[in-house]
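Structure data follow from target_37.txt (compact mmCIF, C-alpha atoms and all ligand atoms):
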# COMPACT_ATOMS: atom_id res chain seq x y z
CA MET A 1 -38.65 -34.49 5.56
CA ASN A 2 -38.59 -34.95 9.34
CA SER A 3 -38.89 -32.09 11.75
CA ASN A 4 -35.48 -32.66 13.27
CA PHE A 5 -33.89 -32.03 9.91
CA VAL A 6 -35.97 -28.87 9.37
CA ASN A 7 -35.11 -27.58 12.84
CA SER A 8 -31.40 -28.15 12.42
CA SER A 9 -31.51 -26.53 8.96
CA VAL A 10 -33.14 -23.43 10.40
CA LEU A 11 -30.57 -23.35 13.15
CA ILE A 12 -27.71 -23.67 10.67
CA ILE A 13 -29.15 -20.89 8.48
CA ALA A 14 -29.57 -18.70 11.56
CA ILE A 15 -25.95 -19.32 12.57
CA ILE A 16 -24.78 -18.49 9.05
CA LEU A 17 -26.82 -15.27 9.01
CA ILE A 18 -25.65 -14.16 12.46
CA GLY A 19 -22.11 -15.13 11.57
CA ASN A 20 -22.19 -13.11 8.36
CA PHE A 21 -23.72 -10.18 10.14
CA SER A 22 -21.18 -9.98 12.92
CA PHE A 23 -18.19 -10.55 10.62
CA SER A 24 -19.34 -8.43 7.72
CA PHE A 25 -16.67 -5.79 8.32
CA ALA A 26 -13.72 -8.11 8.88
CA GLU A 27 -12.05 -10.28 6.28
CA GLU A 28 -10.51 -13.67 6.87
CA TYR A 29 -7.29 -14.80 5.26
CA ALA A 30 -5.48 -18.13 5.14
CA VAL A 31 -1.74 -18.72 5.09
CA SER A 32 -0.47 -22.22 4.33
CA ILE A 33 2.66 -23.73 5.81
CA PRO A 34 3.65 -25.70 2.70
CA PHE A 35 5.13 -29.16 2.53
CA GLY A 36 8.90 -28.92 2.86
CA ALA A 37 9.01 -25.92 5.19
CA PHE A 38 10.73 -28.14 7.76
CA ASN A 39 13.66 -28.55 5.38
CA PRO A 40 16.17 -25.65 5.38
CA GLU A 41 18.18 -27.01 2.44
CA LEU A 42 18.33 -25.14 -0.86
CA ASN A 43 16.47 -27.90 -2.70
CA THR A 44 13.53 -27.93 -0.26
CA PRO A 45 10.24 -28.66 -2.02
CA ALA A 46 8.77 -25.58 -0.29
CA GLU A 47 8.63 -22.59 -2.63
CA VAL A 48 8.10 -20.31 0.36
CA TRP A 49 8.10 -20.95 4.12
CA TYR A 50 4.66 -19.48 4.62
CA ASP A 51 2.35 -19.12 1.64
CA PRO A 52 1.85 -16.25 0.89
CA PRO A 53 5.06 -15.10 2.64
CA GLY A 54 3.82 -11.50 2.77
CA LEU A 55 0.17 -10.65 3.26
CA SER A 56 -1.64 -7.30 3.46
CA VAL A 57 -4.69 -7.17 5.71
CA MET A 58 -6.67 -4.45 7.46
CA VAL A 59 -7.09 -3.80 11.18
CA GLY A 60 -9.61 -6.28 12.56
CA ASP A 61 -8.92 -8.96 9.95
CA LYS A 62 -8.30 -12.56 10.96
CA VAL A 63 -5.44 -14.66 9.59
CA THR A 64 -5.47 -18.44 9.88
CA TRP A 65 -2.30 -20.45 9.38
CA VAL A 66 -2.81 -24.02 8.19
CA ASN A 67 -0.07 -26.58 8.68
CA ASP A 68 0.21 -28.47 5.35
CA ASP A 69 3.70 -29.73 6.17
CA ARG A 70 4.68 -33.03 7.76
CA GLU A 71 6.13 -31.54 10.98
CA GLY A 72 4.79 -29.32 13.76
CA HIS A 73 5.39 -25.57 13.42
CA THR A 74 4.78 -22.29 15.20
CA VAL A 75 3.72 -18.81 14.13
CA THR A 76 5.62 -16.54 16.52
CA SER A 77 5.89 -12.76 16.24
CA GLY A 78 9.44 -11.56 15.77
CA GLU A 79 12.41 -11.84 13.45
CA GLY A 80 13.48 -15.29 12.32
CA ALA A 81 17.14 -16.26 12.17
CA GLY A 82 17.35 -16.61 8.40
CA ARG A 83 18.64 -19.84 6.86
CA PHE A 84 22.32 -18.97 6.89
CA ASN A 85 22.43 -17.42 10.34
CA TRP A 86 20.72 -20.49 11.66
CA MET A 87 23.16 -22.80 9.86
CA ASN A 88 26.11 -20.94 11.40
CA ALA A 89 24.39 -21.23 14.79
CA LYS A 90 24.47 -17.45 15.10
CA SER A 91 20.80 -16.97 15.83
CA LEU A 92 17.60 -18.74 16.74
CA GLY A 93 15.37 -15.72 16.08
CA ASN A 94 14.03 -12.99 18.36
CA PRO A 95 10.41 -13.25 19.52
CA THR A 96 8.58 -9.98 20.28
CA GLY A 97 5.91 -11.59 22.44
CA LEU A 98 2.98 -10.08 20.56
CA PHE A 99 1.62 -13.40 19.38
CA ASP A 100 2.65 -17.03 19.54
CA SER A 101 0.71 -20.02 18.25
CA LEU A 102 2.93 -22.50 20.08
CA ARG A 103 3.47 -25.77 18.22
CA PHE A 104 0.63 -26.97 16.01
CA LEU A 105 0.69 -30.23 14.11
CA PRO A 106 0.18 -31.22 10.46
CA GLY A 107 -3.48 -30.70 9.51
CA GLU A 108 -4.03 -28.29 12.39
CA SER A 109 -4.42 -24.53 12.16
CA TRP A 110 -4.07 -21.43 14.30
CA SER A 111 -5.69 -17.99 13.95
CA TYR A 112 -4.92 -14.46 15.04
CA VAL A 113 -6.89 -11.21 14.70
CA PHE A 114 -4.72 -8.16 13.98
CA GLU A 115 -6.04 -5.21 16.01
CA GLU A 116 -3.22 -2.74 15.34
CA GLU A 117 -1.75 -1.37 12.16
CA GLY A 118 1.89 -1.99 11.36
CA GLU A 119 4.28 -4.55 9.90
CA PHE A 120 4.53 -7.80 11.80
CA ASN A 121 7.34 -10.22 11.13
CA TYR A 122 6.87 -13.73 12.33
CA TYR A 123 8.77 -17.01 12.24
CA CYS A 124 8.81 -20.58 13.50
CA VAL A 125 10.72 -21.14 16.74
CA ILE A 126 11.25 -24.81 15.87
CA HIS A 127 12.59 -24.02 12.39
CA PRO A 128 13.91 -20.43 12.74
CA TRP A 129 14.68 -20.11 9.01
CA MET A 130 10.94 -20.02 8.35
CA ALA A 131 9.82 -16.40 8.18
CA GLY A 132 6.82 -14.42 6.98
CA ILE A 133 5.32 -10.96 7.36
CA ILE A 134 1.85 -9.48 7.78
CA PHE A 135 1.20 -5.86 6.76
CA VAL A 136 -1.74 -4.50 8.73
CA GLU A 137 -3.27 -1.41 7.23
CA PRO A 138 -5.70 0.95 8.93
CA LYS A 139 -9.34 0.18 8.39
CA ILE A 140 -10.62 2.44 5.64
CA PRO A 141 -14.11 3.84 6.27
CA ASP A 142 -16.47 3.54 3.29
CA TYR A 143 -17.86 7.07 3.78
CA PRO A 144 -16.34 10.53 3.32
CA HIS A 145 -14.50 11.69 6.45
CA ASP A 146 -11.99 14.26 7.63
CA ALA A 147 -8.43 13.59 8.76
CA ALA A 148 -9.63 12.80 12.30
CA GLY A 149 -11.98 10.14 10.92
CA ASN A 150 -15.17 12.17 11.55
CA LYS A 151 -17.91 11.25 9.13
CA ILE A 152 -18.92 14.01 6.74
CA GLU A 153 -22.73 13.86 6.73
CA GLN A 154 -23.21 16.18 3.80
CA PHE A 155 -20.89 15.71 0.83
CA PRO A 156 -19.92 17.99 -0.88
CA ILE A 157 -19.14 20.00 2.24
CA TYR A 158 -20.99 23.32 2.50
CA TYR A 159 -18.65 25.66 4.30
CA ILE A 160 -19.10 29.36 5.07
CA THR A 161 -16.00 31.49 5.57
CA PRO A 162 -15.52 33.08 9.04
CA ASP A 163 -16.44 36.52 7.70
CA LYS A 164 -19.75 35.00 6.47
CA THR A 165 -19.41 36.25 2.92
CA VAL A 166 -18.51 33.20 0.85
CA GLU A 167 -19.87 29.69 0.83
CA ILE A 168 -17.55 27.01 -0.53
CA ASN A 169 -18.84 23.68 -1.78
CA PHE A 170 -15.94 21.34 -1.46
CA SER A 171 -15.53 17.68 -2.31
CA TRP A 172 -12.97 15.22 -3.58
CA ASP A 173 -13.02 12.28 -5.91
CA PRO A 174 -12.43 9.42 -5.35
CA MET A 175 -14.01 9.73 -1.94
CA ILE A 176 -11.29 7.57 -0.32
CA ILE A 177 -7.91 9.15 -1.03
CA LYS A 178 -5.03 6.78 -1.65
CA THR A 179 -1.35 7.28 -2.39
CA HIS A 180 -0.10 7.05 -5.99
CA GLU A 181 -3.61 7.68 -7.29
CA LYS A 182 -5.07 10.85 -8.78
CA THR A 183 -7.36 12.82 -6.48
CA ASN A 184 -9.57 15.63 -7.78
CA PHE A 185 -10.42 18.40 -5.35
CA ILE A 186 -13.56 20.06 -6.68
CA TYR A 187 -14.96 23.32 -5.38
CA ARG A 188 -17.46 26.06 -6.12
CA PHE A 189 -17.90 29.49 -4.59
CA TYR A 190 -21.26 31.01 -3.68
CA ASP A 191 -22.39 34.31 -2.29
CA ALA A 192 -23.28 33.19 1.27
CA VAL A 193 -25.90 35.90 1.66
CA ASN A 194 -27.82 35.49 -1.59
CA ASP A 195 -26.81 31.92 -2.43
CA LEU A 196 -25.71 32.85 -5.94
CA PRO A 197 -22.66 31.41 -7.70
CA LEU A 198 -19.66 33.69 -7.43
CA ARG A 199 -17.85 34.27 -10.68
CA LYS A 200 -14.78 36.41 -11.27
CA LEU A 201 -13.01 35.42 -8.07
CA GLN A 202 -9.42 34.80 -7.27
CA TYR A 203 -8.05 32.80 -4.38
CA ASP A 204 -5.01 30.89 -3.16
CA ILE A 205 -5.10 27.14 -2.83
CA ALA A 206 -2.49 25.02 -1.06
CA ILE A 207 -2.10 21.35 -0.16
CA LEU A 208 -0.13 20.57 2.99
CA GLN A 209 1.03 17.35 4.56
CA ASN A 210 3.46 16.72 7.44
CA ASN A 211 3.93 20.48 7.92
CA GLU A 212 5.11 20.77 4.36
CA ILE A 213 3.50 22.71 1.53
CA LEU A 214 3.19 20.21 -1.29
CA TYR A 215 1.43 22.55 -3.67
CA LYS A 216 0.47 26.21 -3.73
CA VAL A 217 -1.02 28.25 -6.51
CA GLU A 218 -3.10 31.33 -7.13
CA GLY A 219 -6.36 30.31 -8.76
CA ALA A 220 -9.16 32.15 -10.41
CA VAL A 221 -12.71 31.20 -11.28
CA SER A 222 -14.94 32.51 -13.97
CA GLY A 223 -17.93 31.10 -15.82
CA ALA A 224 -19.59 28.46 -13.63
CA GLY A 225 -17.91 29.67 -10.46
CA GLY A 226 -16.14 26.38 -9.86
CA ASP A 227 -12.71 24.90 -10.29
CA TYR A 228 -10.73 21.78 -9.45
CA ARG A 229 -7.18 20.74 -8.68
CA GLN A 230 -5.64 17.35 -9.28
CA TRP A 231 -3.08 15.91 -6.92
CA ILE A 232 -1.27 12.59 -6.38
CA PHE A 233 -0.13 12.01 -2.81
CA GLU A 234 3.09 10.08 -2.29
CA GLU A 235 2.72 9.59 1.45
CA PRO A 236 -0.18 8.32 3.56
CA GLY A 237 -1.47 10.31 6.54
CA PRO A 238 -3.53 13.44 7.23
CA ALA A 239 -3.39 16.29 4.73
CA LEU A 240 -4.91 19.75 4.53
CA VAL A 241 -6.36 21.67 1.60
CA LYS A 242 -6.31 25.40 2.34
CA ILE A 243 -8.27 27.94 0.35
CA SER A 244 -7.49 31.51 1.35
CA ASN A 245 -7.39 35.11 0.29
CA ILE A 246 -10.66 34.95 -1.64
CA LYS A 247 -11.20 38.26 -3.37
CA PRO A 248 -12.66 39.79 -6.51
CA TYR A 249 -10.81 39.06 -9.71
CA GLY A 250 -9.97 42.28 -11.47
CA SER A 251 -12.05 45.25 -10.47
CA VAL A 252 -15.56 43.91 -9.83
CA ALA A 253 -16.88 40.54 -8.69
CA GLU A 254 -20.29 39.68 -10.10
CA THR A 255 -22.00 39.83 -6.76
CA LYS A 256 -24.19 41.96 -4.56
CA ILE A 257 -21.95 41.44 -1.51
CA ASN A 258 -18.84 43.43 -0.87
CA LEU A 259 -15.70 41.32 -1.27
CA SER A 260 -13.33 44.18 -1.78
CA ASP A 261 -12.41 44.67 1.89
CA ASN A 262 -10.01 42.60 3.98
CA ALA A 263 -9.79 39.03 2.64
CA ILE A 264 -7.82 37.57 5.57
CA ALA A 265 -10.88 35.99 7.21
CA ARG A 266 -12.08 34.66 3.88
CA LEU A 267 -10.55 31.23 4.06
CA ALA A 268 -11.25 27.55 4.57
CA ASP A 269 -9.31 24.51 5.75
CA PHE A 270 -10.42 21.06 4.62
CA SER A 271 -8.66 18.13 6.23
CA VAL A 272 -8.48 14.77 4.48
CA MET A 273 -6.93 11.39 5.18
CA VAL A 274 -4.60 9.75 2.67
CA TYR A 275 -4.37 5.97 2.81
CA GLU A 276 -1.55 3.72 1.71
CA ASN A 277 -2.38 2.22 -1.65
CA SER A 278 -1.52 -1.42 -1.00
CA GLU A 279 -2.02 -2.39 -4.65
CA LYS A 280 0.67 0.01 -5.75
CA SER A 281 3.13 -0.10 -2.88
CA VAL A 282 6.04 -2.41 -3.53
CA THR A 283 6.54 -4.98 -0.82
CA THR A 284 8.29 -7.71 -2.81
CA ASP A 285 11.70 -6.87 -1.30
CA LYS A 286 10.38 -8.03 2.05
CA ILE A 287 9.17 -11.35 0.71
CA ILE A 288 11.38 -14.28 1.47
CA GLN A 289 12.03 -16.90 -1.22
CA PRO A 290 13.58 -20.01 0.28
CA ARG A 291 14.02 -22.07 -2.83
CA GLN A 292 17.23 -21.20 -4.63
CA THR A 293 17.92 -24.41 -6.56
CA PHE A 294 17.25 -22.92 -9.96
CA GLN A 295 19.28 -19.83 -9.26
CA LEU A 296 22.17 -21.95 -8.03
CA TYR A 297 22.18 -24.04 -11.22
CA TYR A 298 22.07 -20.87 -13.22
CA GLU A 299 25.12 -19.51 -11.44
CA ILE A 300 26.98 -22.80 -11.92
CA ALA A 301 26.05 -22.71 -15.62
CA ILE A 302 27.60 -19.27 -15.92
CA ALA A 303 30.79 -20.49 -14.25
CA ILE A 304 31.09 -23.65 -16.39
CA VAL A 305 29.92 -22.53 -19.82
CA VAL A 306 29.81 -18.78 -20.26
CA ILE A 307 33.09 -17.69 -18.64
CA PRO A 308 35.35 -20.29 -20.42
CA GLY A 309 33.47 -19.46 -23.65
CA ILE A 310 34.34 -15.78 -23.38
CA MET A 311 37.97 -16.63 -22.53
CA LEU A 312 38.19 -18.88 -25.60
CA LEU A 313 36.75 -16.13 -27.78
CA ILE A 314 39.31 -13.64 -26.45
CA ALA A 315 42.11 -16.16 -27.08
CA VAL A 316 40.96 -16.76 -30.69
CA LEU A 317 40.76 -13.03 -31.43
CA TYR A 318 44.18 -12.50 -29.92
CA MET A 319 45.70 -15.27 -32.08
CA LYS A 320 44.05 -13.81 -35.20
CA ASN A 321 45.60 -10.43 -34.56
CA LYS A 322 49.01 -12.05 -34.05
CA LYS A 323 48.82 -13.78 -37.45
CA SER A 324 48.40 -10.52 -39.33
CA PRO A 325 51.23 -8.23 -38.29
CA TYR A 326 50.53 -5.74 -41.14
CA PRO A 327 46.74 -5.46 -41.37
CA TYR A 328 46.75 -2.06 -43.11
CA GLN A 329 49.13 -3.17 -45.89
CA ARG A 330 47.10 -6.29 -46.54
CA LYS A 331 43.92 -4.27 -46.77
CA ALA A 332 45.49 -1.98 -49.35
CA SER A 333 46.94 -4.74 -51.59
CA PRO A 334 43.93 -5.44 -53.97
CA VAL A 335 44.24 -1.96 -55.69
CU CU A 401 8.45 -24.89 11.89
What is this file in structure tokens?
Amino acid sequence: MNSNFVNSSVLIIAIILIGNFSFSFAEEYAVSIPFGAFNPELNTPAEVWYDPPGLSVMVGDKVTWVNDDREGHTVTSGEGAGRFNWMNAKSLGNPTGLFDSLRFLPGESWSYVFEEEGEFNYYCVIHPWMAGIIFVEPKIPDYPHDAAGNKIEQFPIYYITPDKTVEINFSWDPMIIKTHEKTNFIYRFYDAVNDLPLRKLQYDIAILQNNEILYKVEGAVSGAGGDYRQWIFEEPGPALVKISNIKPYGSVAETKINLSDNAIARLADFSVMVYENSEKSVTTDKIIQPRQTFQLYYEIAIAIVVIPGIMLLIAVLYMKNKKSPYPYQRKASPV
């Protein structure tokens, strides 16, 4: 083995390691421009204009479009014309100016890094029927955090109420909250002075989002001094779990501290962030399917075979009824 080879191997390994290190938080995706995308006709060999036509990525991810067709294409942010609008010369598409690959040839590719969340339509300015969409979702931290994105260093959270009487241990599971998925809010109450579990307590718990109370109930703990609530969020965005009005349940709380006086300052707000669950959100209605050959044949088949068949059946039944003017008499005759 010569030293040149060894040196270049080391260099390559170093590049790979550095590369992996610096890109470890961003994913890379590929979108193919399939053969036939240049052809706007219904029997185009392209199943989709861009493959996949809709793609979900996260902020910071890189998407590379590869031209597998036989003509040059562009990836231009904005709304395409649609096949039929283009055919009627009504539209050539509307670029937004956010990104534009300009024309790239068969075998070539073009990349773009999405730095903002949102939905980004794109199309080809040369063939304005070609359209695709990229859904860019916020980067989800892999650690527990509040609604502002602040990292929670100690989880469960140890929180002491403003009146310094009650400590609440509060956590949620799973740690990253997503829409359409069960979240458990788990909490325990402790005597903040003596660090003993508080049993026989009652409290109010509410879940709020977008200035709306999603859930509110009066809870009570006994036994282990803990409780939990299960919730499924429908909408992404910041949410708040409010525990308030903590007071003894019944006459006496099993504690050395006095919880019988004013409970107004005995409260806690825990903010959380709810993320869009991309696996469960339906985006298929936004996905464009160019190839309609099969569907067209199917519709023609209905027109040629099924409709005349039904008409024939109706005609036969009608004739049958005409032939028997006295159906009730005939039915009665065998007696
Ligand atoms: Cu094109």
Identify, on the basis of all atoms listed in the file, every residue whose closest approach to Gln230 of chain A does not exceed 9 Å; exclude the query and any residue fewer than 6 positions from it along the same chain; express the result as a list in words.
->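 The residues satisfying every condition are Lys182, Thr183, Asn184, Phe185 and Ile186 of chain A.
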Could you tell me, counting all atoms listed in the file, which protein and nucleic acid residues lie no more than 6 Å from ligand CU 401 (chain A), written as a PyMOL selection string?
-> chain A and resi 38+73-74+124+126-127
Rounded to one decimal place, report the atom CA of Gln209 of chain A-atom CA of Tyr159 of chain A distance in Å.
-> 21.4 Å
May I ask which of the residues A:Tyr187, A:Tyr215, A:Tyr318, A:Phe270 is the closest one to Ala147 of chain A, counting only C-alpha atoms?
-> A:Phe270
Point out the residue among A:Val57, A:Met319, A:Ile205, A:Leu92 with the least atom-to-atom distance to Phe135 of chain A, counting all atoms listed in the file.
->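 Under the stated criterion, the closest residue is A:Val57.
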Atom pair atom CA of Glu27 of chain A + atom CA of Tyr275 of chain A, distance 18.3 Å
Atomic separation - atom CA of Ala30 of chain A relative to atom CA of Lys62 of chain A, Å |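 Between atom CA of Lys62 of chain A and atom CA of Ala30 of chain A the gap works out to 8.5 Å.
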Anything within 12 Å of (-11.5, 6.3, -5.6): list those residues as an MDAnalysis selection string, counting only C-alpha atoms and sticking to the file's coordinates.
-> chainID A and resid 140 142:144 172:184 274:275 277
Using only C-alpha atoms - which residues lie no farther than 7 Å from the point (-13.2, -1.0, 11.0) in the file's frame? Write them as a PDB file with C-alpha atoms, keeping the file's coordinate frame.
ATOM      1  CA  PHE A  25     -16.670  -5.790   8.320  1.00  0.00           C
ATOM      2  CA  VAL A  59      -7.090  -3.800  11.180  1.00  0.00           C
ATOM      3  CA  GLY A  60      -9.610  -6.280  12.560  1.00  0.00           C
ATOM      4  CA  LYS A 139      -9.340   0.180   8.390  1.00  0.00           C
ATOM      5  CA  ILE A 140     -10.620   2.440   5.640  1.00  0.00           C
ATOM      6  CA  PRO A 141     -14.110   3.840   6.270  1.00  0.00           C
TER       7      PRO A 141
END
Nearest to Trp110 of chain A: which of A:Asn67, A:Thr165, A:Thr96, A:Asn88 is it, counting all atoms listed in the file?
->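 For Trp110 of chain A, the nearest of the candidates is A:Asn67.
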